[in-house]
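Data block below; observations after.
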Amino acid sequence: MLLRRIYQFLIIYFLGLAILLGVKYALRLSNYVIPDPLLLGLTFQSEALRYFKDVLDTMSIAIIGQVLSICLAVLIGILGRQTTWFGSFVKVAAYNVQAYPIVALAPIIFILLGDGFLSRLLIAAMICYFPLLLSVLGIMAEPIGDIEHFYRITGRMRWQLEVKIRAFENLSKLTTVVAGSATLAMAGTIVAEFIAANAGIGYSIRIALYQSDLGKILIALFLIGISLSVYQGLLEWAGAIIRKTWESR
Amino acid sequence: MLTIFWAAPAADAADPINYRLKWLFNASVVGDLYADVNGHFTEARLAVKVKSGGPERDAIKELELGQAQFGVASADQVIRALDKGAPVVVLAQIFQVNPLQWIYRRTDPPIRQLADLKGRVIGITYGGNDETIMRTLLAQAGLAEPEVTLFNVRYDYTPFYRRQVDIWPVYRNTQGIIIGRKMQAENEPVRFFIPGEFGVRFVANSVVTSRRMLQNEPATVKRFIQALLAGWEAALDPANTVRALDTLQQFDRDTPREQLAEQLDITRSLIKPTTEFKIGTIDTAAWKQTEQIMLTQKQVAKPVQVETVLHPEFVF
Amino acid sequence: MHAHPPMRLACRQATFRYPQTASAVFENLAFDMPGPGFNALFGPSGVGKTSLARLLMGERDGFSGELQMTGIKRVLYTYNTERLPGWAAVGQHLERIIAPRQHEQKDQLVELFDMTPHLGSRFAQLSLGQKNRINLIRYLLQDFEMLVMDESLANVDEPTREKILLGIKARFPDKFFLYISHNVIEVAKFCRHILVMAGKGRTPSAAMVAGQDLTGDQPLERDPLERTMLEIMNAA
């Protein structure tokens, strides 16, 4: 699973790169528009280590943000699963807030929290939180009638049991959602860094953009992609292990 | 993506010409807009489309891709592009004094010499031109951190208003006016720190085209640049102030007219320092200095001999 | 026969339609079914058997008419596609949801239902028939006066089914069972009262047929069984 993710990413990345280089040579574009492999190699040599550290910095924040949003999404998902007034209120609020583009909220966040760790974390969490919440809400609000009937009719149903049943029945869906939200958390952190922060790969990309250096950006994209693939592969692997142990305990 | 393949790389007189600016429509491009709105291009039998720029736009790349025939780029962009083999040439230099300057409070001690920067918190945009300029100034002064504190700047000026940062980079003719007015309203008059006064003449906006365009269509290039510079001369002629402001207001609706007027005045001083000065004159020494600065700061790998792509012959 | 508390399920002018629909699932349904015992609800698909079962559980939406339940306080309803959660073995689930005082009875039922070898399995690993049997066991040991068994022994082979039905009748003589099945022979053979619900547009809409109510200790007579079957078929 992990290896598949990595080589799938490599295929996509190098396919994209090949198209770019194809355009470059077909139109005889200079290295300023699209860098040649040699220049890319040199850029990789000089920047890869620094960028990789930046990616790890970004990813550590993305992961913390993701964990926070998973916790929050599960909490709200559990509260919002009921067909009560509060449940529907939570759902409506979640859907509405999702409509606000984060780039519009980001300046407010930076003014309130500065351009350090907290802002990046909050934006990462916000970007990956809403899709997570919607999935968790969807899963938690959907009764598993064939299993729940017995507990309901015999008066044994408790909210913990209901949550357990629904989570168990949707475990692979939840794993997919969590792994997918890693991408969003990463994207969120990068956007935050791009807009304002002082560190991380998004910040480095912004500087490379200032300098019109596509080579650096391509190296950054490569490192982001490969790190994210590894992380998502690990998440899926962890999900499979959880499922296996839960199913055969 | 596909348009790249079929876009005609060269334009003849009848073809539409795309002119890609460096930044959004504001007072810094008043001459470009004026030439368009007041018929200077039409008179020269040119169908020019003036397009606003932005952070994600790069005129030099568009020249190479055939998406634009002329563009505005700063000297550092030109030098970086040359370093990577881009076939770009310079036709005119719009700003004689770089509008990128630093604002600070009048109540703070004035910066009369570079050594006066010592002990101050200086705003810079990491990766931006202001970083390059400030690092050059600091190197000249023999100052380094922690003798000065560098502060990463973004679009939000709060750290300056709150005095967390002493001197803050601004475009003198646009943001400089707006912030200066705000500070004045709070009874905090301001001054500007101008790098050019300390010998650092980092060239800003210039008009560029591709080498191919210059070779294949020298007549079009000549007509374009003369129409454009005529537009600039007219826009900055005090006799045409009303018309210039009308033009600006068409494109920049967010800035009040009296601020635009002030922006226009300052812009004039940066572009046409004296009444006899020919707008567009290329300051070769400043270009060479800009290249030297970038070499020193390792922003380019090797000398690019920027003077070889300067074409001052169109300005007269 | 023991003296059992009197039980009765009766219904007059019962009409049921799904909310916001014009045509009724059943109309003017009337019957009187004494209990306890192993009774049946028989009829073609769509005739309203499940709707009637829901009614018995207390769902009154879309219902008009009169429903009388005497001596019946708790109604449970079980159906054939129910599942047990997958996170533990079925034996562990039974332990957890059956009161300790009934554990001995549970073991006997498990034995009777031929489920002993499967207690360590996950629900998903069982065959369809095994799933239905394990599901029925957990219901039988809950607190109820009436248990509606909707196709609860589907996919169970016939000898096992017979054994199970006879075992239930012997062990729970004072409960009211309402067995929903499409199997005429089975219903005719084992049930005491059979409420046959007729297809749409037929009058009367339901008829009560007396079944053979077979128990383990008496032989089955062929002719009366065939008569009962014929009666059921005619009424449906």
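If you're wondering about the labels, chains in the structure tokens are A, B, ... by order shown, residues count from 1 in each chain, ligands from 1 in order shown.
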
Contacts of range 100-102 of chain C at 12 Å or less, counting only C-alpha atoms, minus same-chain residues fewer than 4 places along, as an NGL selection string? :C and (94-96 or 106-109 or 137-138 or 140-143)

Which parts of range 66-236 of chain C does DSSP call alpha helix (DSSP H) when run on the backbone here, written out as JSON, numbers by chain? {"C": [90, 91, 92, 93, 94, 95, 96, 97, 103, 104, 105, 106, 107, 108, 109, 110, 111, 112, 128, 129, 130, 131, 132, 133, 134, 135, 136, 137, 138, 139, 140, 158, 159, 160, 161, 162, 163, 164, 165, 166, 167, 168, 169, 170, 171, 184, 185, 186, 187, 188, 189, 190, 222, 223, 224, 225, 226, 227, 228, 229, 230, 231, 232, 233, 234, 235]}

Among the residues C:Arg83, C:Arg74, C:Arg8, C:Arg222, the one that comes closest to Gly35 in chain C [using only C-alpha atoms]: C:Arg8

Got a sec: who's within 8 Å of Gly48 in chain C, counting only C-alpha atoms, leaving out chain neighbours fewer than 6 positions off, as a ChimeraX atom specification? /C:25-26,197

What residues in chain B lie within 10 Å of chain A, counting only C-alpha atoms, written as a VMD selection string? chain B and resid 1 to 2 4 to 5 55 to 58 60 to 62 64 to 65 76 to 77 80 to 87 125 to 129 151 to 159 299

As a list in words, please: all residues of range 88-226 of chain C that backbone DSSP puts in strand (DSSP E or B). Met146, Leu147, Val148, Met149, Asp150, Phe176, Phe177, Leu178, Tyr179, Ile180, His193, Ile194, Leu195, Val196, Met197, Ala206, Ala207, Met208, Val209 and Ala210 of chain C

Would you save the residues from that selection as a PDB file, in the first residue's frame, using N, CA and C atoms?
ATOM      1  N   MET C 146     -44.770 -10.903  23.671  1.00  0.00           N
ATOM      2  CA  MET C 146     -45.019 -11.278  22.275  1.00  0.00           C
ATOM      3  C   MET C 146     -43.750 -11.078  21.452  1.00  0.00           C
ATOM      4  N   LEU C 147     -43.443 -12.088  20.647  1.00  0.00           N
ATOM      5  CA  LEU C 147     -42.289 -11.961  19.747  1.00  0.00           C
ATOM      6  C   LEU C 147     -42.779 -12.165  18.312  1.00  0.00           C
ATOM      7  N   VAL C 148     -42.580 -11.145  17.490  1.00  0.00           N
ATOM      8  CA  VAL C 148     -42.924 -11.259  16.079  1.00  0.00           C
ATOM      9  C   VAL C 148     -41.668 -11.722  15.350  1.00  0.00           C
ATOM     10  N   MET C 149     -41.756 -12.883  14.722  1.00  0.00           N
ATOM     11  CA  MET C 149     -40.586 -13.454  14.041  1.00  0.00           C
ATOM     12  C   MET C 149     -40.814 -13.351  12.532  1.00  0.00           C
ATOM     13  N   ASP C 150     -40.194 -12.348  11.942  1.00  0.00           N
ATOM     14  CA  ASP C 150     -40.420 -12.083  10.517  1.00  0.00           C
ATOM     15  C   ASP C 150     -39.392 -12.863   9.699  1.00  0.00           C
ATOM     16  N   PHE C 176     -46.427 -15.375  23.512  1.00  0.00           N
ATOM     17  CA  PHE C 176     -47.248 -15.219  22.302  1.00  0.00           C
ATOM     18  C   PHE C 176     -46.272 -15.004  21.142  1.00  0.00           C
ATOM     19  N   PHE C 177     -46.230 -15.976  20.222  1.00  0.00           N
ATOM     20  CA  PHE C 177     -45.373 -15.820  19.049  1.00  0.00           C
ATOM     21  C   PHE C 177     -46.226 -15.497  17.839  1.00  0.00           C
ATOM     22  N   LEU C 178     -45.719 -14.627  17.027  1.00  0.00           N
ATOM     23  CA  LEU C 178     -46.392 -14.352  15.764  1.00  0.00           C
ATOM     24  C   LEU C 178     -45.347 -14.595  14.686  1.00  0.00           C
ATOM     25  N   TYR C 179     -45.521 -15.702  13.991  1.00  0.00           N
ATOM     26  CA  TYR C 179     -44.500 -16.175  13.059  1.00  0.00           C
ATOM     27  C   TYR C 179     -44.877 -15.756  11.651  1.00  0.00           C
ATOM     28  N   ILE C 180     -44.053 -14.948  11.021  1.00  0.00           N
ATOM     29  CA  ILE C 180     -44.337 -14.542   9.646  1.00  0.00           C
ATOM     30  C   ILE C 180     -43.514 -15.429   8.727  1.00  0.00           C
ATOM     31  N   HIS C 193     -52.970 -20.614  15.646  1.00  0.00           N
ATOM     32  CA  HIS C 193     -53.897 -19.742  14.912  1.00  0.00           C
ATOM     33  C   HIS C 193     -53.121 -19.082  13.789  1.00  0.00           C
ATOM     34  N   ILE C 194     -53.726 -19.087  12.627  1.00  0.00           N
ATOM     35  CA  ILE C 194     -53.039 -18.493  11.480  1.00  0.00           C
ATOM     36  C   ILE C 194     -53.903 -17.369  10.939  1.00  0.00           C
ATOM     37  N   LEU C 195     -53.378 -16.152  11.056  1.00  0.00           N
ATOM     38  CA  LEU C 195     -54.097 -15.018  10.471  1.00  0.00           C
ATOM     39  C   LEU C 195     -53.644 -14.911   9.023  1.00  0.00           C
ATOM     40  N   VAL C 196     -54.578 -15.199   8.115  1.00  0.00           N
ATOM     41  CA  VAL C 196     -54.224 -15.150   6.699  1.00  0.00           C
ATOM     42  C   VAL C 196     -54.691 -13.801   6.146  1.00  0.00           C
ATOM     43  N   MET C 197     -53.758 -12.989   5.741  1.00  0.00           N
ATOM     44  CA  MET C 197     -54.137 -11.681   5.183  1.00  0.00           C
ATOM     45  C   MET C 197     -54.268 -11.832   3.677  1.00  0.00           C
ATOM     46  N   ALA C 206     -59.104 -10.533   5.764  1.00  0.00           N
ATOM     47  CA  ALA C 206     -58.294 -11.472   6.532  1.00  0.00           C
ATOM     48  C   ALA C 206     -59.185 -12.599   7.058  1.00  0.00           C
ATOM     49  N   ALA C 207     -58.572 -13.744   7.266  1.00  0.00           N
ATOM     50  CA  ALA C 207     -59.324 -14.846   7.832  1.00  0.00           C
ATOM     51  C   ALA C 207     -58.459 -15.548   8.867  1.00  0.00           C
ATOM     52  N   MET C 208     -59.107 -16.123   9.871  1.00  0.00           N
ATOM     53  CA  MET C 208     -58.366 -16.840  10.899  1.00  0.00           C
ATOM     54  C   MET C 208     -58.531 -18.327  10.617  1.00  0.00           C
ATOM     55  N   VAL C 209     -57.422 -19.014  10.450  1.00  0.00           N
ATOM     56  CA  VAL C 209     -57.455 -20.447  10.160  1.00  0.00           C
ATOM     57  C   VAL C 209     -56.804 -21.171  11.323  1.00  0.00           C
ATOM     58  N   ALA C 210     -57.401 -22.270  11.750  1.00  0.00           N
ATOM     59  CA  ALA C 210     -56.821 -23.055  12.845  1.00  0.00           C
ATOM     60  C   ALA C 210     -55.761 -23.993  12.286  1.00  0.00           C
TER      61      ALA C 210
END

When you look at Ser74 in chain B with a cut-off of 6 Å (counting only C-alpha atoms), what residues show up, excluding the ones that are within fewer than 5 positions of it in the same chain? I need them as a list of chain:residue names. B:Ala204, B:Asn205, B:Ser206

Can you pull out the residues contacting range 210-213 of chain B? Cut-off 9 Å, using only C-alpha atoms, and skip same-chain residues under 4 positions away; I want them as a VMD selection string. chain B and resid 9 to 11 60 63 to 64 69 to 70 86 to 90 217 to 218 220 to 221 309

Same residues, N, CA and C atoms, saved as a PDB file, in the first residue's frame:
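Once written, result_35.pdb looks like this:
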ATOM      1  N   PRO B   9       4.072  33.756 -32.346  1.00  0.00           N
ATOM      2  CA  PRO B   9       5.082  34.388 -31.508  1.00  0.00           C
ATOM      3  C   PRO B   9       5.365  35.840 -31.904  1.00  0.00           C
ATOM      4  N   ALA B  10       5.179  36.188 -33.146  1.00  0.00           N
ATOM      5  CA  ALA B  10       5.489  37.553 -33.551  1.00  0.00           C
ATOM      6  C   ALA B  10       4.222  38.275 -33.992  1.00  0.00           C
ATOM      7  N   ALA B  11       4.237  39.584 -33.809  1.00  0.00           N
ATOM      8  CA  ALA B  11       3.061  40.348 -34.186  1.00  0.00           C
ATOM      9  C   ALA B  11       3.435  41.321 -35.296  1.00  0.00           C
ATOM     10  N   ILE B  60       8.165  38.463 -18.642  1.00  0.00           N
ATOM     11  CA  ILE B  60       9.258  37.897 -19.450  1.00  0.00           C
ATOM     12  C   ILE B  60       8.895  36.494 -19.940  1.00  0.00           C
ATOM     13  N   LEU B  63       6.455  36.805 -22.754  1.00  0.00           N
ATOM     14  CA  LEU B  63       7.111  37.181 -24.013  1.00  0.00           C
ATOM     15  C   LEU B  63       7.621  35.928 -24.716  1.00  0.00           C
ATOM     16  N   GLU B  64       8.255  35.073 -23.924  1.00  0.00           N
ATOM     17  CA  GLU B  64       8.851  33.881 -24.504  1.00  0.00           C
ATOM     18  C   GLU B  64       7.790  32.920 -25.006  1.00  0.00           C
ATOM     19  N   GLN B  69       3.622  40.662 -26.250  1.00  0.00           N
ATOM     20  CA  GLN B  69       4.678  41.126 -27.151  1.00  0.00           C
ATOM     21  C   GLN B  69       5.580  42.146 -26.453  1.00  0.00           C
ATOM     22  N   PHE B  70       4.998  42.845 -25.479  1.00  0.00           N
ATOM     23  CA  PHE B  70       5.762  43.787 -24.665  1.00  0.00           C
ATOM     24  C   PHE B  70       5.353  43.589 -23.216  1.00  0.00           C
ATOM     25  N   ALA B  86      16.977  33.428 -20.995  1.00  0.00           N
ATOM     26  CA  ALA B  86      15.778  33.983 -21.632  1.00  0.00           C
ATOM     27  C   ALA B  86      16.181  35.086 -22.616  1.00  0.00           C
ATOM     28  N   PRO B  87      15.588  35.080 -23.834  1.00  0.00           N
ATOM     29  CA  PRO B  87      15.963  36.068 -24.853  1.00  0.00           C
ATOM     30  C   PRO B  87      15.199  37.371 -24.673  1.00  0.00           C
ATOM     31  N   VAL B  88      15.540  38.140 -23.630  1.00  0.00           N
ATOM     32  CA  VAL B  88      14.792  39.353 -23.314  1.00  0.00           C
ATOM     33  C   VAL B  88      15.681  40.577 -23.555  1.00  0.00           C
ATOM     34  N   VAL B  89      15.058  41.662 -24.035  1.00  0.00           N
ATOM     35  CA  VAL B  89      15.798  42.910 -24.202  1.00  0.00           C
ATOM     36  C   VAL B  89      15.040  44.045 -23.528  1.00  0.00           C
ATOM     37  N   VAL B  90      15.777  45.101 -23.135  1.00  0.00           N
ATOM     38  CA  VAL B  90      15.186  46.231 -22.421  1.00  0.00           C
ATOM     39  C   VAL B  90      15.086  47.416 -23.372  1.00  0.00           C
ATOM     40  N   GLU B 217      10.637  42.715 -35.951  1.00  0.00           N
ATOM     41  CA  GLU B 217       9.678  43.795 -36.116  1.00  0.00           C
ATOM     42  C   GLU B 217      10.218  45.098 -35.550  1.00  0.00           C
ATOM     43  N   PRO B 218      11.394  45.513 -35.930  1.00  0.00           N
ATOM     44  CA  PRO B 218      11.964  46.728 -35.314  1.00  0.00           C
ATOM     45  C   PRO B 218      11.061  47.938 -35.480  1.00  0.00           C
ATOM     46  N   THR B 220       7.704  47.997 -35.596  1.00  0.00           N
ATOM     47  CA  THR B 220       6.621  47.908 -34.604  1.00  0.00           C
ATOM     48  C   THR B 220       7.148  48.284 -33.223  1.00  0.00           C
ATOM     49  N   VAL B 221       8.323  47.762 -32.907  1.00  0.00           N
ATOM     50  CA  VAL B 221       8.909  48.049 -31.603  1.00  0.00           C
ATOM     51  C   VAL B 221       9.083  49.554 -31.444  1.00  0.00           C
ATOM     52  N   VAL B 309      21.900  43.892 -23.313  1.00  0.00           N
ATOM     53  CA  VAL B 309      20.496  43.776 -23.734  1.00  0.00           C
ATOM     54  C   VAL B 309      19.755  45.109 -23.597  1.00  0.00           C
TER      55      VAL B 309
END

Identify all chain C residues at most 10 Å from chain A by counting only C-alpha atoms; ligands do not count. Present them as an MDAnalysis selection string. chainID C and resid 57 74:89 97 121:122 124 135 138:139 142:144

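Excluding Met126 in chain A and any residue on its chain fewer than 5 positions from it, the residues at most 8 Å away by only C-alpha atoms are Ser69, Ile102 and Gly188 of chain A.
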
Using all heavy atoms, can you export the residues from the last selection as a PDB file, in the first residue's frame?
ATOM      1  N   SER A  69      -8.245  18.347  14.119  1.00  0.00           N
ATOM      2  CA  SER A  69      -9.526  18.429  13.416  1.00  0.00           C
ATOM      3  C   SER A  69     -10.250  17.098  13.438  1.00  0.00           C
ATOM      4  O   SER A  69     -11.480  17.078  13.446  1.00  0.00           O
ATOM      5  CB  SER A  69      -9.373  18.953  11.997  1.00  0.00           C
ATOM      6  OG  SER A  69      -8.123  18.734  11.507  1.00  0.00           O
ATOM      7  N   ILE A 102     -10.807  30.183   2.829  1.00  0.00           N
ATOM      8  CA  ILE A 102      -9.830  30.367   3.899  1.00  0.00           C
ATOM      9  C   ILE A 102      -8.930  31.568   3.619  1.00  0.00           C
ATOM     10  O   ILE A 102      -8.469  32.230   4.533  1.00  0.00           O
ATOM     11  CB  ILE A 102      -9.009  29.076   4.096  1.00  0.00           C
ATOM     12  CG1 ILE A 102      -8.496  28.995   5.516  1.00  0.00           C
ATOM     13  CG2 ILE A 102      -7.866  28.951   3.119  1.00  0.00           C
ATOM     14  CD1 ILE A 102      -9.529  28.624   6.507  1.00  0.00           C
ATOM     15  N   GLY A 188      -3.473  23.149   3.480  1.00  0.00           N
ATOM     16  CA  GLY A 188      -3.833  24.269   4.347  1.00  0.00           C
ATOM     17  C   GLY A 188      -2.612  24.912   4.964  1.00  0.00           C
ATOM     18  O   GLY A 188      -2.468  26.141   4.976  1.00  0.00           O
TER      19      GLY A 188
END

Which of B:Thr209, B:Thr241, B:Thr290, B:Gln113 sits closest to Asn18 in chain B [using only C-alpha atoms]: B:Thr209

Near-Thr43 in chain A list (8 Å; only C-alpha atoms; drop same-chain fewer than 3 positions) as a short mmCIF file (atom, residue, chain, number, x, y, z; two decimals) with N, CA and C atoms, in the first residue's frame:
data_model
loop_
_atom_site.label_atom_id
_atom_site.label_comp_id
_atom_site.auth_asym_id
_atom_site.auth_seq_id
_atom_site.Cartn_x
_atom_site.Cartn_y
_atom_site.Cartn_z
N LEU A 39 19.68 21.78 -14.91
CA LEU A 39 19.44 22.85 -13.93
C LEU A 39 18.58 22.33 -12.78
N LEU A 40 17.61 21.48 -13.13
CA LEU A 40 16.78 20.87 -12.07
C LEU A 40 17.66 20.06 -11.13
N SER A 46 21.30 21.68 -4.55
CA SER A 46 21.55 22.80 -3.64
C SER A 46 20.38 23.03 -2.68
N GLU A 47 19.15 22.67 -3.08
CA GLU A 47 18.00 23.05 -2.25
C GLU A 47 17.32 21.89 -1.55
N ALA A 48 17.53 20.65 -2.04
CA ALA A 48 16.70 19.54 -1.57
C ALA A 48 16.71 19.39 -0.05
N GLY A 215 12.37 25.96 -11.13
CA GLY A 215 13.13 24.78 -10.71
C GLY A 215 12.94 24.51 -9.23
N LYS A 216 13.07 25.55 -8.42
CA LYS A 216 12.89 25.39 -6.98
C LYS A 216 11.47 24.92 -6.67
N ILE A 219 11.12 21.27 -7.39
CA ILE A 219 11.76 20.47 -6.34
C ILE A 219 10.87 20.44 -5.10
#

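Taking CA of Asn39 in chain C and CA of His93 in chain C as the two end points, the separation is 28.8 Å.
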
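Note that the spacing between CA of Phe198 in chain B and CA of Gly176 in chain B amounts to 19.3 Å.
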
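Distances to Ala170 in chain C were evaluated for C:Ser152, C:Glu111, C:Arg227, C:Gly37 using only C-alpha atoms, and the minimum falls at C:Gly37.
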
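Take CA of Ile224 in chain A and CA of Leu15 in chain A: the distance between them is 16.5 Å.
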